[in-house]
file structure-v3.cif (mmCIF, C-alpha atoms (C1' of nucleotides))
data_query
#
loop_
_atom_site.group_PDB
_atom_site.id
_atom_site.type_symbol
_atom_site.label_atom_id
_atom_site.label_comp_id
_atom_site.auth_asym_id
_atom_site.auth_seq_id
_atom_site.Cartn_x
_atom_site.Cartn_y
_atom_site.Cartn_z
ATOM 1 C CA MET A 183 -32.747 -74.274 -10.752
ATOM 2 C CA PRO A 184 -34.926 -75.397 -7.875
ATOM 3 C CA ASP A 185 -34.553 -79.132 -7.543
ATOM 4 C CA THR A 186 -37.391 -79.469 -5.052
ATOM 5 C CA PRO A 187 -40.128 -76.969 -5.854
ATOM 6 C CA SER A 188 -42.348 -76.122 -2.969
ATOM 7 C CA PRO A 189 -46.091 -76.089 -3.585
ATOM 8 C CA LEU A 190 -46.474 -79.235 -5.619
ATOM 9 C CA CYS A 191 -45.997 -81.612 -2.768
ATOM 10 C CA CYS A 192 -48.914 -80.702 -0.505
ATOM 11 C CA SER A 193 -51.287 -78.180 -1.967
ATOM 12 C CA SER A 194 -54.476 -79.286 -3.633
ATOM 13 C CA LEU A 195 -56.622 -77.277 -5.977
ATOM 14 C CA THR A 196 -59.667 -77.995 -3.887
ATOM 15 C CA ALA A 197 -58.308 -78.071 -0.344
ATOM 16 C CA GLU A 198 -58.065 -74.286 -0.157
ATOM 17 C CA PRO A 199 -57.878 -71.350 -2.571
ATOM 18 C CA LEU A 200 -54.465 -71.198 -4.202
ATOM 19 C CA SER A 201 -52.163 -68.441 -3.027
ATOM 20 C CA ASP A 202 -50.931 -66.051 -5.652
ATOM 21 C CA GLY A 203 -47.397 -67.412 -5.508
ATOM 22 C CA ASP A 204 -48.448 -71.045 -5.687
ATOM 23 C CA ALA A 205 -50.687 -70.237 -8.636
ATOM 24 C CA VAL A 206 -47.787 -68.679 -10.529
ATOM 25 C CA GLU A 207 -45.574 -71.660 -9.841
ATOM 26 C CA LEU A 208 -48.187 -74.251 -10.780
ATOM 27 C CA ALA A 209 -49.046 -72.277 -13.906
ATOM 28 C CA SER A 210 -45.453 -72.265 -15.081
ATOM 29 C CA LEU A 211 -45.312 -76.005 -14.602
ATOM 30 C CA LEU A 212 -48.509 -76.581 -16.558
ATOM 31 C CA LYS A 213 -47.313 -74.151 -19.213
ATOM 32 C CA ALA A 214 -44.257 -76.300 -19.740
ATOM 33 C CA LEU A 215 -46.600 -79.140 -20.599
ATOM 34 C CA ALA A 216 -49.209 -77.154 -22.508
ATOM 35 C CA ASP A 217 -47.693 -77.378 -25.967
ATOM 36 C CA PRO A 218 -48.324 -80.072 -28.572
ATOM 37 C CA VAL A 219 -44.670 -80.563 -29.427
ATOM 38 C CA ARG A 220 -43.612 -80.804 -25.792
ATOM 39 C CA LEU A 221 -46.437 -83.227 -25.020
ATOM 40 C CA ARG A 222 -45.313 -85.444 -27.861
ATOM 41 C CA LEU A 223 -41.703 -85.237 -26.685
ATOM 42 C CA VAL A 224 -42.784 -86.336 -23.212
ATOM 43 C CA SER A 225 -44.823 -89.234 -24.529
ATOM 44 C CA ILE A 226 -42.037 -90.303 -26.878
ATOM 45 C CA ILE A 227 -39.547 -90.308 -24.015
ATOM 46 C CA ALA A 228 -42.022 -92.142 -21.790
ATOM 47 C CA ASN A 229 -42.464 -94.866 -24.369
ATOM 48 C CA ALA A 230 -38.833 -95.266 -25.310
ATOM 49 C CA SER A 231 -37.255 -98.644 -24.730
ATOM 50 C CA GLY A 232 -34.877 -98.225 -21.827
ATOM 51 C CA GLY A 233 -36.776 -95.129 -20.787
ATOM 52 C CA GLU A 234 -34.429 -92.792 -22.549
ATOM 53 C CA VAL A 235 -34.099 -91.126 -25.923
ATOM 54 C CA CYS A 236 -31.195 -89.587 -27.797
ATOM 55 C CA ALA A 237 -31.802 -85.965 -28.772
ATOM 56 C CA CYS A 238 -30.525 -86.775 -32.227
ATOM 57 C CA ASP A 239 -33.669 -88.785 -33.014
ATOM 58 C CA LEU A 240 -36.219 -86.252 -31.875
ATOM 59 C CA PRO A 241 -36.313 -83.613 -34.640
ATOM 60 C CA ALA A 242 -37.484 -86.236 -37.138
ATOM 61 C CA LEU A 243 -40.026 -87.680 -34.714
ATOM 62 C CA VAL A 244 -41.783 -84.384 -33.986
ATOM 63 C CA ASP A 245 -41.146 -82.786 -37.382
ATOM 64 C CA ARG A 246 -39.439 -79.656 -36.104
ATOM 65 C CA SER A 247 -35.987 -78.182 -36.673
ATOM 66 C CA GLN A 248 -33.203 -79.279 -34.382
ATOM 67 C CA PRO A 249 -32.897 -75.863 -32.632
ATOM 68 C CA THR A 250 -36.628 -75.839 -31.994
ATOM 69 C CA VAL A 251 -36.520 -79.285 -30.420
ATOM 70 C CA SER A 252 -33.567 -78.249 -28.283
ATOM 71 C CA HIS A 253 -35.551 -75.233 -27.120
ATOM 72 C CA HIS A 254 -38.539 -77.359 -26.103
ATOM 73 C CA LEU A 255 -36.325 -79.888 -24.337
ATOM 74 C CA SER A 256 -34.723 -77.083 -22.340
ATOM 75 C CA GLN A 257 -38.132 -75.948 -21.156
ATOM 76 C CA LEU A 258 -39.034 -79.459 -20.062
ATOM 77 C CA VAL A 259 -35.743 -79.802 -18.218
ATOM 78 C CA ASP A 260 -36.117 -76.394 -16.581
ATOM 79 C CA ALA A 261 -39.585 -77.388 -15.396
ATOM 80 C CA GLY A 262 -38.111 -80.532 -13.870
ATOM 81 C CA LEU A 263 -40.235 -82.809 -16.003
ATOM 82 C CA VAL A 264 -37.350 -84.359 -17.908
ATOM 83 C CA ALA A 265 -33.742 -85.159 -17.008
ATOM 84 C CA ARG A 266 -30.842 -84.524 -19.352
ATOM 85 C CA GLU A 267 -27.647 -86.575 -19.416
ATOM 86 C CA GLN A 268 -24.673 -85.979 -21.676
ATOM 87 C CA ARG A 269 -23.021 -89.209 -22.865
ATOM 88 C CA GLY A 270 -20.189 -88.712 -25.278
ATOM 89 C CA LYS A 271 -21.377 -86.229 -27.800
ATOM 90 C CA TRP A 272 -24.978 -87.272 -27.491
ATOM 91 C CA ALA A 273 -27.546 -85.926 -25.083
ATOM 92 C CA TRP A 274 -30.004 -88.414 -23.600
ATOM 93 C CA PHE A 275 -33.293 -87.583 -22.000
ATOM 94 C CA ARG A 276 -35.459 -89.498 -19.569
ATOM 95 C CA LEU A 277 -38.704 -88.766 -17.759
ATOM 96 C CA ARG A 278 -39.056 -87.578 -14.180
ATOM 97 C CA PRO A 279 -42.257 -89.427 -13.330
ATOM 98 C CA GLU A 280 -42.510 -87.979 -9.817
ATOM 99 C CA ARG A 281 -43.101 -84.543 -11.223
ATOM 100 C CA LEU A 282 -45.752 -85.684 -13.666
ATOM 101 C CA THR A 283 -47.594 -87.765 -11.119
ATOM 102 C CA ALA A 284 -47.444 -84.912 -8.636
ATOM 103 C CA ILE A 285 -49.273 -82.643 -11.044
ATOM 104 C CA GLY A 286 -51.642 -85.457 -11.862
ATOM 105 C CA GLU A 287 -52.570 -86.155 -8.274
ATOM 106 C CA LEU A 288 -53.028 -82.484 -7.589
ATOM 107 C CA LEU A 289 -55.595 -82.228 -10.369
ATOM 108 C CA ALA A 290 -57.159 -85.611 -9.735
ATOM 109 C CA THR A 291 -58.318 -84.548 -6.262
ATOM 110 C CA ALA A 292 -60.984 -82.250 -7.675
ATOM 111 C CA ARG A 293 -64.345 -82.855 -6.170
ATOM 112 C CA MET B 270 -68.356 -76.764 -28.580
ATOM 113 C CA PRO B 271 -67.480 -80.410 -28.153
ATOM 114 C CA ASP B 272 -69.221 -81.608 -25.036
ATOM 115 C CA THR B 273 -67.437 -84.931 -24.955
ATOM 116 C CA PRO B 274 -63.882 -84.483 -26.209
ATOM 117 C CA SER B 275 -62.336 -87.632 -27.537
ATOM 118 C CA PRO B 276 -58.787 -88.320 -26.379
ATOM 119 C CA LEU B 277 -59.093 -87.537 -22.709
ATOM 120 C CA CYS B 278 -61.017 -90.647 -21.815
ATOM 121 C CA CYS B 279 -58.615 -93.408 -22.783
ATOM 122 C CA SER B 280 -55.244 -92.183 -23.908
ATOM 123 C CA SER B 281 -52.363 -92.121 -21.489
ATOM 124 C CA LEU B 282 -49.169 -90.177 -21.869
ATOM 125 C CA THR B 283 -47.155 -93.317 -21.343
ATOM 126 C CA ALA B 284 -49.274 -96.006 -22.992
ATOM 127 C CA GLU B 285 -48.201 -94.969 -26.458
ATOM 128 C CA PRO B 286 -46.744 -91.902 -28.197
ATOM 129 C CA LEU B 287 -49.388 -89.208 -28.539
ATOM 130 C CA SER B 288 -50.770 -88.636 -32.001
ATOM 131 C CA ASP B 289 -50.401 -85.173 -33.399
ATOM 132 C CA GLY B 290 -54.107 -84.439 -33.089
ATOM 133 C CA ASP B 291 -54.405 -85.735 -29.549
ATOM 134 C CA ALA B 292 -51.391 -83.661 -28.573
ATOM 135 C CA VAL B 293 -53.007 -80.509 -29.914
ATOM 136 C CA GLU B 294 -56.221 -81.224 -28.067
ATOM 137 C CA LEU B 295 -54.570 -82.089 -24.774
ATOM 138 C CA ALA B 296 -52.338 -79.034 -25.083
ATOM 139 C CA SER B 297 -55.302 -76.715 -25.489
ATOM 140 C CA LEU B 298 -56.875 -78.214 -22.378
ATOM 141 C CA LEU B 299 -53.720 -77.785 -20.340
ATOM 142 C CA LYS B 300 -53.312 -74.283 -21.732
ATOM 143 C CA ALA B 301 -56.712 -73.379 -20.346
ATOM 144 C CA LEU B 302 -55.355 -74.276 -16.933
ATOM 145 C CA ALA B 303 -51.842 -72.912 -17.321
ATOM 146 C CA ASP B 304 -52.452 -69.379 -16.126
ATOM 147 C CA PRO B 305 -52.178 -68.084 -12.561
ATOM 148 C CA VAL B 306 -55.456 -66.179 -12.656
ATOM 149 C CA ARG B 307 -57.401 -69.103 -14.111
ATOM 150 C CA LEU B 308 -55.881 -71.503 -11.595
ATOM 151 C CA ARG B 309 -56.990 -69.222 -8.797
ATOM 152 C CA LEU B 310 -60.460 -68.928 -10.293
ATOM 153 C CA VAL B 311 -60.724 -72.714 -10.413
ATOM 154 C CA SER B 312 -59.563 -73.118 -6.835
ATOM 155 C CA ILE B 313 -61.896 -70.360 -5.643
ATOM 156 C CA ILE B 314 -64.849 -72.018 -7.337
ATOM 157 C CA ALA B 315 -63.799 -75.399 -5.993
ATOM 158 C CA ASN B 316 -63.724 -74.060 -2.454
ATOM 159 C CA ALA B 317 -66.929 -72.070 -2.613
ATOM 160 C CA SER B 318 -69.687 -73.012 -0.216
ATOM 161 C CA GLY B 319 -72.419 -74.627 -2.292
ATOM 162 C CA GLY B 320 -69.866 -75.349 -4.988
ATOM 163 C CA GLU B 321 -70.703 -72.236 -6.950
ATOM 164 C CA VAL B 322 -69.595 -68.633 -7.194
ATOM 165 C CA CYS B 323 -71.217 -65.477 -8.525
ATOM 166 C CA ALA B 324 -69.149 -63.777 -11.198
ATOM 167 C CA CYS B 325 -69.739 -60.497 -9.427
ATOM 168 C CA ASP B 326 -67.389 -61.499 -6.596
ATOM 169 C CA LEU B 327 -64.492 -62.672 -8.703
ATOM 170 C CA PRO B 328 -62.802 -59.479 -9.940
ATOM 171 C CA ALA B 329 -62.074 -58.448 -6.365
ATOM 172 C CA LEU B 330 -60.878 -61.923 -5.404
ATOM 173 C CA VAL B 331 -58.311 -62.240 -8.178
ATOM 174 C CA ASP B 332 -57.497 -58.533 -8.436
ATOM 175 C CA ARG B 333 -58.264 -58.145 -12.114
ATOM 176 C CA SER B 334 -60.716 -55.996 -14.056
ATOM 177 C CA GLN B 335 -64.198 -57.314 -14.766
ATOM 178 C CA PRO B 336 -63.574 -57.816 -18.510
ATOM 179 C CA THR B 337 -60.370 -59.702 -17.799
ATOM 180 C CA VAL B 338 -62.130 -62.039 -15.379
ATOM 181 C CA SER B 339 -64.954 -62.557 -17.859
ATOM 182 C CA HIS B 340 -62.379 -63.437 -20.505
ATOM 183 C CA HIS B 341 -60.704 -66.017 -18.283
ATOM 184 C CA LEU B 342 -64.026 -67.538 -17.260
ATOM 185 C CA SER B 343 -64.961 -67.920 -20.921
ATOM 186 C CA GLN B 344 -61.783 -69.841 -21.564
ATOM 187 C CA LEU B 345 -62.464 -72.156 -18.651
ATOM 188 C CA VAL B 346 -66.014 -72.731 -19.859
ATOM 189 C CA ASP B 347 -64.862 -73.327 -23.450
ATOM 190 C CA ALA B 348 -62.371 -75.888 -22.181
ATOM 191 C CA GLY B 349 -65.177 -77.648 -20.357
ATOM 192 C CA LEU B 350 -63.548 -77.177 -16.970
ATOM 193 C CA VAL B 351 -66.233 -74.910 -15.553
ATOM 194 C CA ALA B 352 -70.008 -74.645 -16.065
ATOM 195 C CA ARG B 353 -71.836 -71.351 -16.398
ATOM 196 C CA GLU B 354 -75.426 -70.752 -15.319
ATOM 197 C CA GLN B 355 -77.344 -67.513 -15.671
ATOM 198 C CA ARG B 356 -79.686 -66.798 -12.753
ATOM 199 C CA GLY B 357 -81.487 -63.503 -12.983
ATOM 200 C CA LYS B 358 -78.874 -60.976 -13.913
ATOM 201 C CA TRP B 359 -76.125 -62.851 -12.185
ATOM 202 C CA ALA B 360 -73.889 -65.504 -13.681
ATOM 203 C CA TRP B 361 -72.905 -68.441 -11.480
ATOM 204 C CA PHE B 362 -70.014 -70.783 -12.059
ATOM 205 C CA ARG B 363 -69.334 -74.265 -10.802
ATOM 206 C CA LEU B 364 -66.608 -76.811 -11.378
ATOM 207 C CA ARG B 365 -66.732 -79.769 -13.736
ATOM 208 C CA PRO B 366 -64.685 -82.197 -11.671
ATOM 209 C CA GLU B 367 -64.800 -84.992 -14.240
ATOM 210 C CA ARG B 368 -62.718 -82.950 -16.623
ATOM 211 C CA LEU B 369 -60.131 -82.021 -14.009
ATOM 212 C CA THR B 370 -59.812 -85.555 -12.704
ATOM 213 C CA ALA B 371 -59.551 -86.876 -16.256
ATOM 214 C CA ILE B 372 -56.525 -84.691 -16.892
ATOM 215 C CA GLY B 373 -55.161 -85.627 -13.518
ATOM 216 C CA GLU B 374 -55.409 -89.340 -14.068
ATOM 217 C CA LEU B 375 -53.894 -89.027 -17.499
ATOM 218 C CA LEU B 376 -50.810 -87.364 -16.016
ATOM 219 C CA ALA B 377 -50.722 -89.487 -12.907
ATOM 220 C CA THR B 378 -50.145 -92.659 -14.904
ATOM 221 C CA ALA B 379 -46.604 -91.663 -15.772
ATOM 222 C CA ARG B 380 -44.154 -94.415 -15.058
ATOM 223 C "C1'" DT C 161 -4.094 -78.790 -32.867
ATOM 224 C "C1'" DG C 162 -7.487 -79.406 -36.320
ATOM 225 C "C1'" DA C 163 -11.431 -81.465 -38.121
ATOM 226 C "C1'" DT C 164 -15.934 -83.211 -37.467
ATOM 227 C "C1'" DC C 165 -20.301 -83.803 -35.599
ATOM 228 C "C1'" DA C 166 -24.116 -83.113 -31.992
ATOM 229 C "C1'" DT C 167 -26.218 -79.618 -29.440
ATOM 230 C "C1'" DT C 168 -27.072 -75.025 -27.676
ATOM 231 C "C1'" DT C 169 -27.406 -70.073 -28.153
ATOM 232 C "C1'" DC C 170 -28.454 -65.874 -30.842
ATOM 233 C "C1'" DG C 171 -31.174 -62.844 -33.741
ATOM 234 C "C1'" DA C 172 -35.187 -62.130 -36.044
ATOM 235 C "C1'" DC C 173 -39.940 -62.684 -37.147
ATOM 236 C "C1'" DA C 174 -44.898 -63.659 -36.863
ATOM 237 C "C1'" DT C 175 -48.350 -65.029 -33.913
ATOM 238 C "C1'" DC C 176 -50.595 -65.627 -29.629
ATOM 239 C "C1'" DC C 177 -51.955 -64.042 -24.956
ATOM 240 C "C1'" DG C 178 -53.201 -61.206 -20.798
ATOM 241 C "C1'" DT C 179 -54.774 -56.872 -19.773
ATOM 242 C "C1'" DC C 180 -57.666 -52.714 -19.560
ATOM 243 C "C1'" DA C 181 -60.938 -48.807 -20.981
ATOM 244 C "C1'" DA C 182 -64.822 -48.176 -23.623
ATOM 245 C "C1'" DT C 183 -68.798 -49.934 -25.431
ATOM 246 C "C1'" DA C 184 -72.594 -53.117 -26.228
ATOM 247 C "C1'" DC C 185 -75.827 -56.493 -24.507
ATOM 248 C "C1'" DG C 186 -79.430 -58.281 -21.283
ATOM 249 C "C1'" DA C 187 -82.251 -58.856 -17.474
ATOM 250 C "C1'" DA C 188 -85.172 -56.515 -13.585
ATOM 251 C "C1'" DG C 189 -87.541 -53.125 -11.744
ATOM 252 C "C1'" DT C 190 -90.010 -48.529 -11.876
ATOM 253 C "C1'" DA D 29 -90.303 -47.199 -22.356
ATOM 254 C "C1'" DC D 30 -86.617 -45.936 -19.560
ATOM 255 C "C1'" DT D 31 -83.197 -46.611 -16.223
ATOM 256 C "C1'" DT D 32 -80.078 -49.420 -13.625
ATOM 257 C "C1'" DC D 33 -76.881 -52.775 -12.924
ATOM 258 C "C1'" DG D 34 -74.264 -57.163 -14.023
ATOM 259 C "C1'" DT D 35 -71.905 -59.333 -17.676
ATOM 260 C "C1'" DA D 36 -69.921 -59.974 -22.358
ATOM 261 C "C1'" DT D 37 -67.608 -58.067 -26.446
ATOM 262 C "C1'" DT D 38 -64.510 -54.891 -28.920
ATOM 263 C "C1'" DG D 39 -60.259 -52.596 -29.857
ATOM 264 C "C1'" DA D 40 -55.831 -51.675 -28.703
ATOM 265 C "C1'" DC D 41 -51.362 -52.330 -26.521
ATOM 266 C "C1'" DG D 42 -47.196 -54.621 -24.655
ATOM 267 C "C1'" DG D 43 -45.062 -58.727 -23.652
ATOM 268 C "C1'" DA D 44 -44.484 -63.684 -24.126
ATOM 269 C "C1'" DT D 45 -43.992 -67.741 -27.228
ATOM 270 C "C1'" DG D 46 -42.929 -71.002 -31.260
ATOM 271 C "C1'" DT D 47 -40.231 -71.181 -35.105
ATOM 272 C "C1'" DC D 48 -36.145 -71.158 -38.072
ATOM 273 C "C1'" DG D 49 -31.353 -70.059 -40.139
ATOM 274 C "C1'" DA D 50 -26.930 -68.866 -38.761
ATOM 275 C "C1'" DA D 51 -23.391 -68.840 -35.670
ATOM 276 C "C1'" DA D 52 -21.226 -70.423 -31.276
ATOM 277 C "C1'" DT D 53 -20.133 -74.085 -28.030
ATOM 278 C "C1'" DG D 54 -18.529 -78.542 -26.648
ATOM 279 C "C1'" DA D 55 -16.921 -83.181 -27.190
ATOM 280 C "C1'" DT D 56 -14.506 -86.868 -29.721
ATOM 281 C "C1'" DC D 57 -11.100 -88.561 -32.673
ATOM 282 C "C1'" DA D 58 -7.183 -88.370 -35.896
#

call {"tool": "encode", "arguments": {"input": "structure-v3.cif", "output": "structure tokens"}}
result
Amino acid sequence: MPDTPSPLCCSSLTAEPLSDGDAVELASLLKALADPVRLRLVSIIANASGGEVCACDLPALVDRSQPTVSHHLSQLVDAGLVAREQRGKWAWFRLRPERLTAIGELLATAR
Amino acid sequence: MPDTPSPLCCSSLTAEPLSDGDAVELASLLKALADPVRLRLVSIIANASGGEVCACDLPALVDRSQPTVSHHLSQLVDAGLVAREQRGKWAWFRLRPERLTAIGELLATAR
DNA sequence: TGATCATTTCGACATCCGTCAATACGAAGT
DNA sequence: ACTTCGTATTGACGGATGTCGAAATGATCA
């Protein structure tokens, strides 16, 4: 699990043509976000009071089975967009804003 | 073909939980971008001198067959990220920066 | 150690997606 | 009209993805 992925920090879509490797990495990041359920999970976590949400509440909020929600959360965590913390028997999730804003700034520099 | 899609303009990921419909629409936009070949196409177009590229050059640049490139370009056009113009027998493509920056700003407002 | 409860993993299924070869379409020129 | 050449569409194939029920894992408490 790469904690500090490489190309997000400096590359811009418009500064120079994307290398093949950077394109694959950026695509996998965007793919983690490019699903309605995962987008709603992210926005729910972002809007939670205290900035964190218990996994136990999420299946009802996005109207999916508990295994499905767990699957989507894993993808968000793997992409580095969301952080997972185990507290007692509950799992809590919070946003990693740096990652989101990094993607955002990369796209926002289009000209 | 919606020329002015609704939720991109005002909604933020963090302002309030995404509605189901907005999530679907945003997801389809991100999905259009979440592919290595399409990302490279976008960055190639963005870096082209004159801001536009002839379709005839693209298969070689992204190392895919002509039908595959045409398919990807269609998806980018359908998503409103790229504009297509027929000139003689050649098709030229240019970026639609507003759409890219809109996505970017939406993601960049994560907190 | 058992029992209980929250979460993840597994297995299966249907659908979607990227890809190419073959074909069809369209615009220019002869 | 016919040919040529660039681009789009079709059809098919393999692999990835979203989904769920069932079973496995892990953590707490009695």

call {"tool": "closest_residue", "arguments": {"input": "structure-v3.cif", "among": "B:Asp347, B:Asp332, B:Glu367, B:Asp304", "to": "chain A", "atoms": "all atoms listed in the file"}}
result
B:Asp304

call {"tool": "interface_residues", "arguments": {"input": "structure-v3.cif", "of": "chain D", "to": "chain B", "cutoff": "12 Å", "atoms": "all atoms listed in the file", "output": "list in words"}}
result
DT32, DC33, DG34, DT35, DA36, DT37 and DT38 of chain D

call {"tool": "closest_atom_pairs", "arguments": {"input": "structure-v3.cif", "of": "chain C", "to": "chain B", "cutoff": "10 Å", "atoms": "all atoms listed in the file", "output": "CSV"}}
result
residue,atom,partner,partner_atom,distance
C:DG178,C1',B:Thr337,CA,7.9
C:DT179,C1',B:Thr337,CA,6.6
C:DC180,C1',B:Ser334,CA,7.1
C:DA181,C1',B:Pro336,CA,9.7
C:DG186,C1',B:Lys358,CA,7.9
C:DA187,C1',B:Lys358,CA,5.3
C:DA188,C1',B:Lys358,CA,7.7

call {"tool": "residues_near_point", "arguments": {"input": "structure-v3.cif", "point": "(-45.0, -64.5, -37.5)", "cutoff": "10 Å", "atoms": "all atoms listed in the file", "output": "ChimeraX atom specification"}}
result
/C:173-176 /D:46-47

call {"tool": "axis_aligned_box", "arguments": {"input": "structure-v3.cif", "around": "segment 30-47 of chain D", "padding_each_side": "8 Å", "output": "JSON"}}
result
{"center_x": -63.4, "center_y": -58.6, "center_z": -24.0, "size_x": 62.4, "size_y": 41.2, "size_z": 38.2}

call {"tool": "residues_around", "arguments": {"input": "structure-v3.cif", "residues": "DC177 of chain C", "least_positions_apart": "4", "cutoff": "10 Å", "atoms": "only C-alpha atoms (C1' of nucleotides)", "output": "count of residues only"}}
result
3

call {"tool": "interface_residues", "arguments": {"input": "structure-v3.cif", "of": "chain B", "to": "chain A", "cutoff": "6 Å", "atoms": "only C-alpha atoms", "output": "short mmCIF file (atom, residue, chain, number, x, y, z; two decimals) with C-alpha atoms, keeping the file's coordinate frame"}}
result
data_model
loop_
_atom_site.label_atom_id
_atom_site.label_comp_id
_atom_site.auth_asym_id
_atom_site.auth_seq_id
_atom_site.Cartn_x
_atom_site.Cartn_y
_atom_site.Cartn_z
CA LEU B 282 -49.17 -90.18 -21.87
CA THR B 283 -47.16 -93.32 -21.34
CA PRO B 286 -46.74 -91.90 -28.20
CA LEU B 287 -49.39 -89.21 -28.54
CA ALA B 292 -51.39 -83.66 -28.57
CA VAL B 293 -53.01 -80.51 -29.91
CA ALA B 296 -52.34 -79.03 -25.08
CA LEU B 299 -53.72 -77.78 -20.34
CA LYS B 300 -53.31 -74.28 -21.73
CA ALA B 303 -51.84 -72.91 -17.32
CA ASP B 304 -52.45 -69.38 -16.13
CA PRO B 305 -52.18 -68.08 -12.56
CA ARG B 309 -56.99 -69.22 -8.80
CA SER B 312 -59.56 -73.12 -6.84
CA ILE B 313 -61.90 -70.36 -5.64
CA ALA B 315 -63.80 -75.40 -5.99
CA ASN B 316 -63.72 -74.06 -2.45
CA PRO B 366 -64.68 -82.20 -11.67
CA LEU B 369 -60.13 -82.02 -14.01
CA THR B 370 -59.81 -85.56 -12.70
CA GLY B 373 -55.16 -85.63 -13.52
CA GLU B 374 -55.41 -89.34 -14.07
CA LEU B 376 -50.81 -87.36 -16.02
CA ALA B 377 -50.72 -89.49 -12.91
CA ALA B 379 -46.60 -91.66 -15.77
CA ARG B 380 -44.15 -94.42 -15.06
#

call {"tool": "atom_distance", "arguments": {"input": "structure-v3.cif", "atom1": "atom CA of Arg276 of chain A", "atom2": "atom CA of Val264 of chain A"}}
result
5.7 Å

call {"tool": "resolve_selection", "arguments": {"input": "structure-v3.cif", "expression": "the PyMOL selection byres ((chain C and resi 171) around 9)", "output": "PyMOL selection string"}}
result
(chain C and resi 170+172) or (chain D and resi 50)

call {"tool": "atom_distance", "arguments": {"input": "structure-v3.cif", "atom1": "atom C1' of DA166 of chain C", "atom2": "atom C1' of DA58 of chain D"}}
result
18.2 Å

call {"tool": "atom_distance", "arguments": {"input": "structure-v3.cif", "atom1": "atom CA of Val251 of chain A", "atom2": "atom C1' of DC48 of chain D"}}
result
11.2 Å

call {"tool": "decode", "arguments": {"input": "structure-v3.cif", "residues": "chain D", "atoms": "C-alpha atoms (C1' of nucleotides)", "output": "compact mmCIF listing (two decimals), in the first residue's frame"}}
result
# COMPACT_ATOMS: atom_id res chain seq x y z
C1' DA D 29 -19.81 7.69 -61.07
C1' DC D 30 -15.89 5.70 -59.14
C1' DT D 31 -12.02 5.50 -56.26
C1' DT D 32 -9.45 6.79 -52.26
C1' DC D 33 -8.75 7.77 -47.73
C1' DG D 34 -10.14 9.19 -42.89
C1' DT D 35 -13.43 8.18 -39.46
C1' DA D 36 -17.40 5.86 -37.20
C1' DT D 37 -20.11 1.67 -36.29
C1' DT D 38 -20.78 -3.32 -35.66
C1' DG D 39 -19.93 -7.75 -33.68
C1' DA D 40 -17.43 -10.49 -30.86
C1' DC D 41 -14.34 -11.71 -27.09
C1' DG D 42 -12.04 -11.64 -22.54
C1' DG D 43 -11.53 -9.40 -18.40
C1' DA D 44 -13.03 -6.19 -14.85
C1' DT D 45 -16.78 -4.55 -11.76
C1' DG D 46 -21.05 -4.16 -8.64
C1' DT D 47 -23.93 -6.92 -6.16
C1' DC D 48 -25.58 -10.29 -2.78
C1' DG D 49 -25.92 -14.53 0.44
C1' DA D 50 -23.15 -17.39 3.08
C1' DA D 51 -19.30 -18.27 5.63
C1' DA D 52 -15.01 -16.71 8.02
C1' DT D 53 -12.60 -13.41 10.92
C1' DG D 54 -11.97 -10.48 14.84
C1' DA D 55 -13.18 -8.10 18.99
C1' DT D 56 -15.78 -7.60 23.33
C1' DC D 57 -18.01 -9.30 27.24
C1' DA D 58 -19.90 -12.80 30.41
